[in-house]
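Student: So I've got this file, my_file-v3.tsv, and it contains TSV, C-alpha atoms:
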```tsv
chain	number	residue	atom	x	y	z
A	93	MET	CA	100.70	106.31	117.37
A	94	ASN	CA	97.12	106.65	116.10
A	95	LEU	CA	97.17	107.84	112.55
A	96	ILE	CA	94.80	109.47	110.09
A	97	GLN	CA	95.40	108.96	106.38
A	98	VAL	CA	95.17	112.29	104.54
A	99	ARG	CA	94.90	112.59	100.75
A	100	TYR	CA	94.97	115.55	98.36
A	101	PHE	CA	93.75	115.94	94.80
A	102	ALA	CA	94.12	118.26	91.81
A	103	GLY	CA	95.08	121.89	92.51
A	104	ILE	CA	95.32	121.31	96.25
A	105	ARG	CA	97.66	118.34	95.73
A	106	GLU	CA	99.83	120.51	93.45
A	107	ARG	CA	99.93	123.48	95.81
A	108	LEU	CA	100.78	121.34	98.83
A	109	GLY	CA	103.40	119.42	96.82
A	110	ARG	CA	102.26	116.00	98.06
A	111	ASP	CA	99.39	113.62	97.39
A	112	GLN	CA	99.07	111.99	100.79
A	113	GLU	CA	100.48	111.78	104.28
A	114	LEU	CA	99.80	110.33	107.70
A	115	VAL	CA	98.79	112.67	110.49
A	116	ASP	CA	98.90	111.95	114.21
A	117	ALA	CA	95.30	111.84	115.48
A	118	GLU	CA	96.33	113.32	118.85
A	119	GLY	CA	94.44	116.58	119.42
A	120	ILE	CA	92.30	116.19	116.31
A	121	ARG	CA	88.53	116.14	116.63
A	122	CYS	CA	87.16	117.10	113.24
A	123	ALA	CA	88.07	117.62	109.57
A	124	SER	CA	88.89	121.30	110.05
A	125	ASP	CA	91.48	120.38	112.72
A	126	VAL	CA	93.22	118.20	110.14
A	127	TRP	CA	93.01	120.96	107.51
A	128	SER	CA	94.53	123.57	109.86
A	129	ARG	CA	97.40	121.23	110.62
A	130	VAL	CA	98.24	120.30	107.02
A	131	SER	CA	97.36	123.38	104.97
A	132	GLY	CA	100.12	125.57	106.41
A	133	ALA	CA	100.72	128.72	104.37
A	134	LEU	CA	98.32	127.73	101.62
A	135	GLY	CA	96.06	130.72	102.26
A	136	PRO	CA	92.34	130.79	101.60
A	137	VAL	CA	91.19	128.16	99.09
A	138	ARG	CA	87.88	126.56	98.24
A	139	VAL	CA	88.23	123.09	99.67
A	140	LEU	CA	85.85	120.14	99.80
A	141	VAL	CA	86.19	117.25	102.25
A	142	ALA	CA	85.51	113.54	102.01
A	143	ILE	CA	85.81	111.20	104.99
A	144	ASN	CA	86.17	107.52	104.12
A	145	GLN	CA	85.24	108.42	100.54
A	146	GLU	CA	81.95	110.16	101.42
A	147	TYR	CA	81.39	113.93	101.30
A	148	ALA	CA	81.46	115.43	104.78
A	149	ALA	CA	81.32	118.83	106.49
A	150	MET	CA	84.40	120.50	107.99
A	151	ASP	CA	83.01	119.96	111.49
A	152	HIS	CA	82.54	116.20	110.93
A	153	PRO	CA	84.47	114.12	113.51
A	154	VAL	CA	87.57	112.20	112.39
A	155	GLY	CA	89.71	109.74	114.26
A	156	PRO	CA	92.44	107.11	113.96
A	157	GLY	CA	92.07	104.84	110.94
A	158	ASP	CA	89.95	107.29	108.96
A	159	GLU	CA	90.83	108.33	105.43
A	160	ILE	CA	90.22	112.02	104.87
A	161	ALA	CA	90.59	113.78	101.52
A	162	PHE	CA	90.79	117.47	100.64
A	163	PHE	CA	90.13	118.66	97.11
A	164	PRO	CA	88.88	121.63	95.05
A	165	PRO	CA	85.38	121.81	93.52
A	166	VAL	CA	84.95	118.96	91.06
A	167	THR	CA	84.85	119.29	87.26
A	168	GLY	CA	83.90	115.91	85.79
A	169	GLY	CA	81.46	115.02	83.03
B	192	MET	CA	76.08	99.58	85.65
B	193	ILE	CA	78.87	102.07	86.15
B	194	ARG	CA	82.42	101.95	84.81
B	195	VAL	CA	85.40	104.26	85.27
B	196	GLN	CA	88.29	103.66	82.89
B	197	SER	CA	91.38	105.20	81.30
B	198	ASP	CA	90.92	103.40	77.97
B	199	PRO	CA	89.07	105.26	75.21
B	200	PHE	CA	85.57	103.98	74.47
B	201	ASP	CA	82.95	104.32	71.74
B	202	PRO	CA	79.72	105.32	73.49
B	203	TRP	CA	77.48	104.16	70.63
B	204	GLN	CA	79.01	100.69	70.60
B	205	GLU	CA	78.74	100.55	74.39
B	206	VAL	CA	75.02	101.35	74.31
B	207	ALA	CA	74.34	98.74	71.63
B	208	ALA	CA	76.44	96.08	73.36
B	209	TYR	CA	74.92	96.70	76.80
B	210	GLN	CA	71.40	96.57	75.44
B	211	GLN	CA	72.12	93.32	73.62
B	212	GLN	CA	73.84	91.61	76.57
B	213	SER	CA	71.18	92.59	79.09
B	214	GLY	CA	68.50	89.92	78.78
B	215	SER	CA	66.22	91.73	81.20
B	216	LEU	CA	65.90	94.73	78.85
B	217	ALA	CA	64.82	92.87	75.72
B	218	GLY	CA	61.33	93.82	74.65
B	219	ARG	CA	60.61	95.81	77.83
B	220	PHE	CA	61.90	99.27	77.02
B	221	GLY	CA	60.12	101.81	74.88
B	222	ALA	CA	62.60	104.62	75.47
B	223	THR	CA	66.37	105.00	75.57
B	224	THR	CA	67.99	108.34	76.35
B	225	VAL	CA	71.70	108.82	75.76
B	226	PHE	CA	73.96	111.65	76.85
B	227	VAL	CA	77.55	111.77	75.58
B	228	GLY	CA	80.00	114.41	76.79
B	229	SER	CA	83.08	114.94	74.60
B	230	LEU	CA	86.23	117.01	74.82
B	231	ARG	CA	86.11	120.28	72.86
B	232	ASP	CA	89.26	121.62	71.22
B	233	PHE	CA	88.59	125.19	72.36
B	234	SER	CA	87.78	126.43	75.85
B	235	GLN	CA	87.69	129.92	77.41
B	236	GLY	CA	89.65	131.51	74.59
B	237	ARG	CA	92.36	128.87	74.35
B	238	GLN	CA	93.14	125.99	72.03
B	239	ILE	CA	93.07	122.68	73.92
B	240	ARG	CA	95.80	120.22	72.97
B	241	GLU	CA	95.05	117.58	75.56
B	242	MET	CA	93.22	117.10	78.82
B	243	THR	CA	94.14	115.04	81.88
B	244	LEU	CA	91.30	113.93	84.11
B	245	GLU	CA	92.29	113.20	87.67
B	246	HIS	CA	89.92	111.22	89.87
B	247	TYR	CA	89.64	109.86	93.38
B	248	ALA	CA	89.71	106.12	92.69
B	249	GLY	CA	87.29	104.31	94.96
B	250	MET	CA	85.22	107.34	95.89
B	251	THR	CA	84.34	107.94	92.24
B	252	GLU	CA	82.90	104.44	91.84
B	253	LYS	CA	81.07	104.66	95.18
B	254	HIS	CA	79.55	107.98	94.21
B	255	LEU	CA	78.44	106.82	90.76
B	256	GLU	CA	76.94	103.62	92.23
B	257	LYS	CA	75.04	105.72	94.75
B	258	VAL	CA	73.53	108.15	92.22
B	259	SER	CA	72.67	105.25	89.92
B	260	ARG	CA	70.77	103.53	92.72
B	261	GLU	CA	69.04	106.83	93.53
B	262	ALA	CA	67.95	107.26	89.91
B	263	MET	CA	66.60	103.67	89.85
B	264	THR	CA	64.44	104.31	92.94
B	265	ARG	CA	63.34	107.83	92.05
B	266	TRP	CA	62.14	107.10	88.52
B	267	ASP	CA	60.44	104.12	86.97
B	268	ILE	CA	63.39	103.12	84.80
B	269	LEU	CA	64.66	99.69	83.78
B	270	ASP	CA	68.41	100.24	83.75
B	271	ALA	CA	71.17	102.84	83.55
B	272	LEU	CA	74.69	102.71	82.16
B	273	VAL	CA	77.36	105.26	83.12
B	274	ILE	CA	80.90	105.20	81.70
B	275	HIS	CA	83.49	107.88	82.55
B	276	ARG	CA	87.09	108.26	81.38
B	277	TYR	CA	90.06	109.37	83.43
B	278	GLY	CA	93.68	109.96	82.46
B	279	ARG	CA	94.83	111.63	79.22
B	280	LEU	CA	92.25	112.59	76.61
B	281	LYS	CA	92.48	114.15	73.15
B	282	PRO	CA	90.01	116.66	71.67
B	283	ALA	CA	86.88	114.90	70.32
B	284	ASP	CA	87.34	111.97	72.71
B	285	PRO	CA	84.14	110.96	74.52
B	286	ILE	CA	84.53	111.71	78.24
B	287	VAL	CA	81.27	110.42	79.65
B	288	LEU	CA	78.29	108.32	78.62
B	289	VAL	CA	74.96	108.19	80.44
B	290	ALA	CA	72.30	105.89	78.98
B	291	VAL	CA	68.90	105.16	80.51
B	292	TRP	CA	66.27	102.62	79.47
B	293	SER	CA	62.61	102.86	80.50
B	294	ALA	CA	59.12	102.02	79.33
B	295	HIS	CA	58.27	105.66	78.60
B	296	ARG	CA	60.32	108.71	77.58
B	297	ASP	CA	59.62	111.03	80.52
B	298	GLU	CA	61.34	108.84	83.11
B	299	ALA	CA	64.28	108.16	80.78
B	300	PHE	CA	64.83	111.88	80.07
B	301	GLN	CA	64.56	112.89	83.72
B	302	ALA	CA	66.79	110.14	85.08
B	303	CYS	CA	69.43	110.80	82.41
B	304	ARG	CA	69.44	114.53	83.21
B	305	TYR	CA	69.68	113.77	86.93
B	306	LEU	CA	72.59	111.36	86.46
B	307	ILE	CA	74.71	113.71	84.34
B	308	ASP	CA	73.97	116.73	86.55
B	309	GLU	CA	74.81	114.84	89.76
B	310	LEU	CA	77.96	113.47	88.16
B	311	LYS	CA	79.13	116.91	87.00
B	312	THR	CA	78.54	118.61	90.35
B	313	ARG	CA	79.55	115.82	92.78
B	314	ALA	CA	81.66	113.02	91.25
B	315	PRO	CA	85.33	113.51	92.26
B	316	PHE	CA	86.94	114.27	88.88
B	317	TRP	CA	89.18	117.23	88.05
B	318	LYS	CA	90.02	118.45	84.56
B	319	ASN	CA	93.46	119.78	83.74
B	320	GLU	CA	93.75	121.34	80.28
B	321	ALA	CA	96.98	121.48	78.30
B	322	THR	CA	96.70	124.60	76.14
B	323	ASP	CA	99.16	126.46	73.90
B	324	ALA	CA	99.71	128.84	76.83
B	325	GLY	CA	100.40	126.07	79.37
B	326	GLN	CA	98.41	123.92	81.77
B	327	ARG	CA	95.46	124.99	83.89
B	328	TRP	CA	92.86	123.43	86.18
B	329	VAL	CA	89.31	123.89	84.95
B	330	VAL	CA	87.17	125.93	87.35
B	331	PRO	CA	83.49	124.94	87.69
B	332	ASP	CA	80.85	127.32	86.20
```
Show me, as structure tokens, the structure contained in the file I just sent.
Tutor:
Amino acid sequence: MNLIQVRYFAGIRERLGRDQELVDAEGIRCASDVWSRVSGALGPVRVLVAINQEYAAMDHPVGPGDEIAFFPPVTGG
Amino acid sequence: MIRVQSDPFDPWQEVAAYQQQSGSLAGRFGATTVFVGSLRDFSQGRQIREMTLEHYAGMTEKHLEKVSREAMTRWDILDALVIHRYGRLKPADPIVLVAVWSAHRDEAFQACRYLIDELKTRAPFWKNEATDAGQRWVVPD
């Protein structure tokens, strides 16, 4: 099976109740496909995406071996 | 240089030590700008007991390296030092240090401002405050 590594941070991690998981890449073309599959009944949230640790848009392609992360707006500094 | 760490640090000692160790800076800089961000004990009407800073290890370092390189190319500066905490912090703890060395003040001020603004809006850190009324995630302005 071709897998995508998915990671969650902060409020999104808490609301999903997990910090990472592996998702089957079958049928997935872009970040928003991954988000639809994993977000379930989360409802509308402000979510940012990073692919392989770089910011990306929701329509950015993802495939097997990629690391994709979903997180809320950042609050460092 | 950038550094992300859970250990507390003294920003003033860090600036002095970095300046001393860096042979390439000696005698060349006429300006040093320093920004230090610290944890307040009061935020949005609540007393803050403690704060936990979550970060995306790996991406944080990559992002800070990238904005540091950008600052070095965009302004005529000699060097930049960025240190950021993660983990559990107490009120009054320094959270972040940005220091910039350059020949003249304009470049140092601008690069320092750019680095802290970029860091605040893009570096993958999330603040969780422990208040008397429970925990909450900080929402950006």
Student: When you get a sec, could you note down which chain B residues fall within 6 Å of chain A, using all atoms listed in the file, as a ChimeraX atom specification?
Tutor: /B:250,287,311,315-318,331
Student: Do you know which residues are at most 10 Å from B:Gln301 counting all atoms listed in the file, after dropping those on the same chain fewer than 4 positions away, and could you put them as an NGL selection string?
Tutor: :B and (224 or 262 or 265-266 or 268 or 291 or 296-297 or 305-306)
Student: Could you tell me how far atom CA of B:Glu245 sits from atom CA of B:Ser259, in Å to one decimal place?
Tutor: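 Atom-to-atom, atom CA of B:Ser259 to atom CA of B:Glu245, that is 21.3 Å.
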Student: When you draw a straight line from atom CA of B:Met242 to atom CA of A:Leu134, how long is it in Å?
Tutor: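 So the answer is 25.7 Å.
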Student: Work out how far apart atom CA of B:Thr251 and atom CA of B:Asp198 are and give it in Å to one decimal.
Tutor: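 Here the two named atoms are 16.4 Å from each other.
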Student: Could you name the residues that touch B:Ala207 at 12 Å or less, counting only C-alpha atoms, but leaving out those on the same chain fewer than 2 positions away, as a list in words?
Tutor: Asp201, Pro202, Trp203, Gln204, Glu205, Tyr209, Gln210, Gln211, Gln212, Ser213, Leu216, Ala217, Thr223, Val225, Leu272, Ala290 and Trp292 of chain B
Student: Starting from the point (91.8, 118.0, 113.5), work out which residues of protein, DNA or RNA have an atom no more than 12 Å away when counting all atoms listed in the file; state them as a ChimeraX atom specification.
Tutor: /A:95-96,98,115-131,150-156,158,160
Student: Grab the residues selected above and save them as a PDB file, keeping the file's coordinate frame with C-alpha atoms.
Tutor:
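result-v5.pdb was written with the following content:
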```
ATOM      1  CA  LEU A  95      97.170 107.840 112.550  1.00  0.00           C
ATOM      2  CA  ILE A  96      94.800 109.470 110.090  1.00  0.00           C
ATOM      3  CA  VAL A  98      95.170 112.290 104.540  1.00  0.00           C
ATOM      4  CA  VAL A 115      98.790 112.670 110.490  1.00  0.00           C
ATOM      5  CA  ASP A 116      98.900 111.950 114.210  1.00  0.00           C
ATOM      6  CA  ALA A 117      95.300 111.840 115.480  1.00  0.00           C
ATOM      7  CA  GLU A 118      96.330 113.320 118.850  1.00  0.00           C
ATOM      8  CA  GLY A 119      94.440 116.580 119.420  1.00  0.00           C
ATOM      9  CA  ILE A 120      92.300 116.190 116.310  1.00  0.00           C
ATOM     10  CA  ARG A 121      88.530 116.140 116.630  1.00  0.00           C
ATOM     11  CA  CYS A 122      87.160 117.100 113.240  1.00  0.00           C
ATOM     12  CA  ALA A 123      88.070 117.620 109.570  1.00  0.00           C
ATOM     13  CA  SER A 124      88.890 121.300 110.050  1.00  0.00           C
ATOM     14  CA  ASP A 125      91.480 120.380 112.720  1.00  0.00           C
ATOM     15  CA  VAL A 126      93.220 118.200 110.140  1.00  0.00           C
ATOM     16  CA  TRP A 127      93.010 120.960 107.510  1.00  0.00           C
ATOM     17  CA  SER A 128      94.530 123.570 109.860  1.00  0.00           C
ATOM     18  CA  ARG A 129      97.400 121.230 110.620  1.00  0.00           C
ATOM     19  CA  VAL A 130      98.240 120.300 107.020  1.00  0.00           C
ATOM     20  CA  SER A 131      97.360 123.380 104.970  1.00  0.00           C
ATOM     21  CA  MET A 150      84.400 120.500 107.990  1.00  0.00           C
ATOM     22  CA  ASP A 151      83.010 119.960 111.490  1.00  0.00           C
ATOM     23  CA  HIS A 152      82.540 116.200 110.930  1.00  0.00           C
ATOM     24  CA  PRO A 153      84.470 114.120 113.510  1.00  0.00           C
ATOM     25  CA  VAL A 154      87.570 112.200 112.390  1.00  0.00           C
ATOM     26  CA  GLY A 155      89.710 109.740 114.260  1.00  0.00           C
ATOM     27  CA  PRO A 156      92.440 107.110 113.960  1.00  0.00           C
ATOM     28  CA  ASP A 158      89.950 107.290 108.960  1.00  0.00           C
ATOM     29  CA  ILE A 160      90.220 112.020 104.870  1.00  0.00           C
TER      30      ILE A 160
END
```
Student: Using the file's own x, y and z axes, what box holds all listed atoms of stretch 131-138 of chain A with 3 Å on each side, keeping edges along x, y and z, and what are its centre and edge lengths in Å to one decimal, as AutoDock Vina command-line options?
Tutor:
```
--center_x 94.3 --center_y 127.1 --center_z 102.3 --size_x 18.8 --size_y 13.4 --size_z 14.2
```
Student: Would you please work out which residue, of B:Phe226, B:Trp328, B:Phe233, B:Tyr277, is nearest to B:Pro199 when using all atoms listed in the file?
Tutor: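 Looking at the shortest contact to B:Pro199, the residue is B:Tyr277.
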Student: Of the residues B:Gly249, B:Gly218, B:Gly236, B:Ile193, which is the one nearest to B:Ala324, using only C-alpha atoms?
Tutor: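 The shortest atom-to-atom distance to B:Ala324 comes from B:Gly236.
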Student: Residues within 12 Å of B:Arg237, please, as a list in words. Count all atoms listed in the file; anything in the same chain fewer than 2 positions from it doesn't count.
Tutor: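 Near neighbours after the sequence-gap exclusion: Arg231, Asp232, Phe233, Ser234, Gln235, Ile239, Arg240, Glu241, Glu320, Ala321, Thr322, Asp323, Ala324, Gly325, Gln326 and Arg327 of chain B.
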Student: All heavy atoms are needed for stretch 269-280 of chain B; please write them out as a PDB file, in the coordinates of the input.
Tutor:
```
ATOM      1  N   LEU B 269      64.275 101.105  83.799  1.00  0.00           N
ATOM      2  CA  LEU B 269      64.660  99.690  83.780  1.00  0.00           C
ATOM      3  C   LEU B 269      66.136  99.497  84.071  1.00  0.00           C
ATOM      4  O   LEU B 269      66.525  98.555  84.767  1.00  0.00           O
ATOM      5  CB  LEU B 269      64.325  99.082  82.412  1.00  0.00           C
ATOM      6  CG  LEU B 269      62.831  99.034  82.075  1.00  0.00           C
ATOM      7  CD1 LEU B 269      62.630  98.812  80.585  1.00  0.00           C
ATOM      8  CD2 LEU B 269      62.152  97.938  82.887  1.00  0.00           C
ATOM      9  N   ASP B 270      66.969 100.389  83.525  1.00  0.00           N
ATOM     10  CA  ASP B 270      68.410 100.240  83.750  1.00  0.00           C
ATOM     11  C   ASP B 270      69.123 101.538  83.376  1.00  0.00           C
ATOM     12  O   ASP B 270      68.564 102.380  82.664  1.00  0.00           O
ATOM     13  CB  ASP B 270      68.958  99.082  82.890  1.00  0.00           C
ATOM     14  CG  ASP B 270      70.186  98.428  83.523  1.00  0.00           C
ATOM     15  OD1 ASP B 270      70.732  98.982  84.503  1.00  0.00           O
ATOM     16  OD2 ASP B 270      70.602  97.361  83.035  1.00  0.00           O
ATOM     17  N   ALA B 271      70.346 101.673  83.882  1.00  0.00           N
ATOM     18  CA  ALA B 271      71.170 102.840  83.550  1.00  0.00           C
ATOM     19  C   ALA B 271      72.610 102.383  83.373  1.00  0.00           C
ATOM     20  O   ALA B 271      73.074 101.482  84.067  1.00  0.00           O
ATOM     21  CB  ALA B 271      71.075 103.892  84.649  1.00  0.00           C
ATOM     22  N   LEU B 272      73.286 103.008  82.419  1.00  0.00           N
ATOM     23  CA  LEU B 272      74.690 102.710  82.160  1.00  0.00           C
ATOM     24  C   LEU B 272      75.471 104.025  82.201  1.00  0.00           C
ATOM     25  O   LEU B 272      75.113 104.989  81.525  1.00  0.00           O
ATOM     26  CB  LEU B 272      74.842 102.057  80.778  1.00  0.00           C
ATOM     27  CG  LEU B 272      76.271 101.856  80.242  1.00  0.00           C
ATOM     28  CD1 LEU B 272      77.040 100.846  81.090  1.00  0.00           C
ATOM     29  CD2 LEU B 272      76.242 101.396  78.778  1.00  0.00           C
ATOM     30  N   VAL B 273      76.515 104.064  83.028  1.00  0.00           N
ATOM     31  CA  VAL B 273      77.360 105.260  83.120  1.00  0.00           C
ATOM     32  C   VAL B 273      78.809 104.832  82.900  1.00  0.00           C
ATOM     33  O   VAL B 273      79.303 103.929  83.585  1.00  0.00           O
ATOM     34  CB  VAL B 273      77.236 105.940  84.513  1.00  0.00           C
ATOM     35  CG1 VAL B 273      78.167 107.149  84.608  1.00  0.00           C
ATOM     36  CG2 VAL B 273      75.798 106.364  84.792  1.00  0.00           C
ATOM     37  N   ILE B 274      79.473 105.461  81.928  1.00  0.00           N
ATOM     38  CA  ILE B 274      80.900 105.200  81.700  1.00  0.00           C
ATOM     39  C   ILE B 274      81.624 106.538  81.726  1.00  0.00           C
ATOM     40  O   ILE B 274      81.162 107.516  81.108  1.00  0.00           O
ATOM     41  CB  ILE B 274      81.151 104.479  80.352  1.00  0.00           C
ATOM     42  CG1 ILE B 274      80.384 103.158  80.313  1.00  0.00           C
ATOM     43  CG2 ILE B 274      82.649 104.215  80.152  1.00  0.00           C
ATOM     44  CD1 ILE B 274      80.488 102.421  78.976  1.00  0.00           C
ATOM     45  N   HIS B 275      82.722 106.632  82.449  1.00  0.00           N
ATOM     46  CA  HIS B 275      83.490 107.880  82.550  1.00  0.00           C
ATOM     47  C   HIS B 275      84.969 107.593  82.387  1.00  0.00           C
ATOM     48  O   HIS B 275      85.487 106.660  82.996  1.00  0.00           O
ATOM     49  CB  HIS B 275      83.221 108.554  83.897  1.00  0.00           C
ATOM     50  CG  HIS B 275      83.476 110.023  83.899  1.00  0.00           C
ATOM     51  ND1 HIS B 275      84.725 110.567  83.681  1.00  0.00           N
ATOM     52  CD2 HIS B 275      82.648 111.075  84.083  1.00  0.00           C
ATOM     53  CE1 HIS B 275      84.643 111.890  83.744  1.00  0.00           C
ATOM     54  NE2 HIS B 275      83.389 112.229  83.991  1.00  0.00           N
ATOM     55  N   ARG B 276      85.640 108.401  81.569  1.00  0.00           N
ATOM     56  CA  ARG B 276      87.090 108.260  81.380  1.00  0.00           C
ATOM     57  C   ARG B 276      87.860 108.969  82.481  1.00  0.00           C
ATOM     58  O   ARG B 276      87.387 109.909  83.099  1.00  0.00           O
ATOM     59  CB  ARG B 276      87.507 108.946  80.054  1.00  0.00           C
ATOM     60  CG  ARG B 276      87.154 108.245  78.795  1.00  0.00           C
ATOM     61  CD  ARG B 276      88.163 107.268  78.274  1.00  0.00           C
ATOM     62  NE  ARG B 276      89.560 107.671  78.077  1.00  0.00           N
ATOM     63  CZ  ARG B 276      90.066 108.214  76.974  1.00  0.00           C
ATOM     64  NH1 ARG B 276      89.293 108.527  75.958  1.00  0.00           N
ATOM     65  NH2 ARG B 276      91.363 108.463  76.871  1.00  0.00           N
ATOM     66  N   TYR B 277      89.100 108.560  82.694  1.00  0.00           N
ATOM     67  CA  TYR B 277      90.060 109.370  83.430  1.00  0.00           C
ATOM     68  C   TYR B 277      91.401 109.238  82.700  1.00  0.00           C
ATOM     69  O   TYR B 277      91.521 108.457  81.740  1.00  0.00           O
ATOM     70  CB  TYR B 277      90.165 108.938  84.899  1.00  0.00           C
ATOM     71  CG  TYR B 277      90.737 107.566  85.122  1.00  0.00           C
ATOM     72  CD1 TYR B 277      92.124 107.368  85.254  1.00  0.00           C
ATOM     73  CD2 TYR B 277      89.908 106.457  85.216  1.00  0.00           C
ATOM     74  CE1 TYR B 277      92.649 106.096  85.460  1.00  0.00           C
ATOM     75  CE2 TYR B 277      90.434 105.184  85.423  1.00  0.00           C
ATOM     76  CZ  TYR B 277      91.804 105.018  85.535  1.00  0.00           C
ATOM     77  OH  TYR B 277      92.322 103.767  85.739  1.00  0.00           O
ATOM     78  N   GLY B 278      92.384 110.003  83.122  1.00  0.00           N
ATOM     79  CA  GLY B 278      93.680 109.960  82.460  1.00  0.00           C
ATOM     80  C   GLY B 278      93.763 110.976  81.324  1.00  0.00           C
ATOM     81  O   GLY B 278      93.091 112.000  81.359  1.00  0.00           O
ATOM     82  N   ARG B 279      94.590 110.657  80.304  1.00  0.00           N
ATOM     83  CA  ARG B 279      94.830 111.630  79.220  1.00  0.00           C
ATOM     84  C   ARG B 279      93.842 111.475  78.077  1.00  0.00           C
ATOM     85  O   ARG B 279      93.657 110.376  77.569  1.00  0.00           O
ATOM     86  CB  ARG B 279      96.260 111.457  78.707  1.00  0.00           C
ATOM     87  CG  ARG B 279      97.283 111.969  79.705  1.00  0.00           C
ATOM     88  CD  ARG B 279      98.678 111.572  79.318  1.00  0.00           C
ATOM     89  NE  ARG B 279      99.114 112.271  78.111  1.00  0.00           N
ATOM     90  CZ  ARG B 279     100.329 112.122  77.593  1.00  0.00           C
ATOM     91  NH1 ARG B 279     101.200 111.318  78.155  1.00  0.00           N
ATOM     92  NH2 ARG B 279     100.661 112.790  76.511  1.00  0.00           N
ATOM     93  N   LEU B 280      93.231 112.596  77.696  1.00  0.00           N
ATOM     94  CA  LEU B 280      92.250 112.590  76.610  1.00  0.00           C
ATOM     95  C   LEU B 280      92.647 113.588  75.527  1.00  0.00           C
ATOM     96  O   LEU B 280      93.267 114.611  75.812  1.00  0.00           O
ATOM     97  CB  LEU B 280      90.870 112.989  77.130  1.00  0.00           C
ATOM     98  CG  LEU B 280      90.093 111.967  77.950  1.00  0.00           C
ATOM     99  CD1 LEU B 280      90.448 112.066  79.416  1.00  0.00           C
ATOM    100  CD2 LEU B 280      88.611 112.184  77.775  1.00  0.00           C
TER     101      LEU B 280
END
```
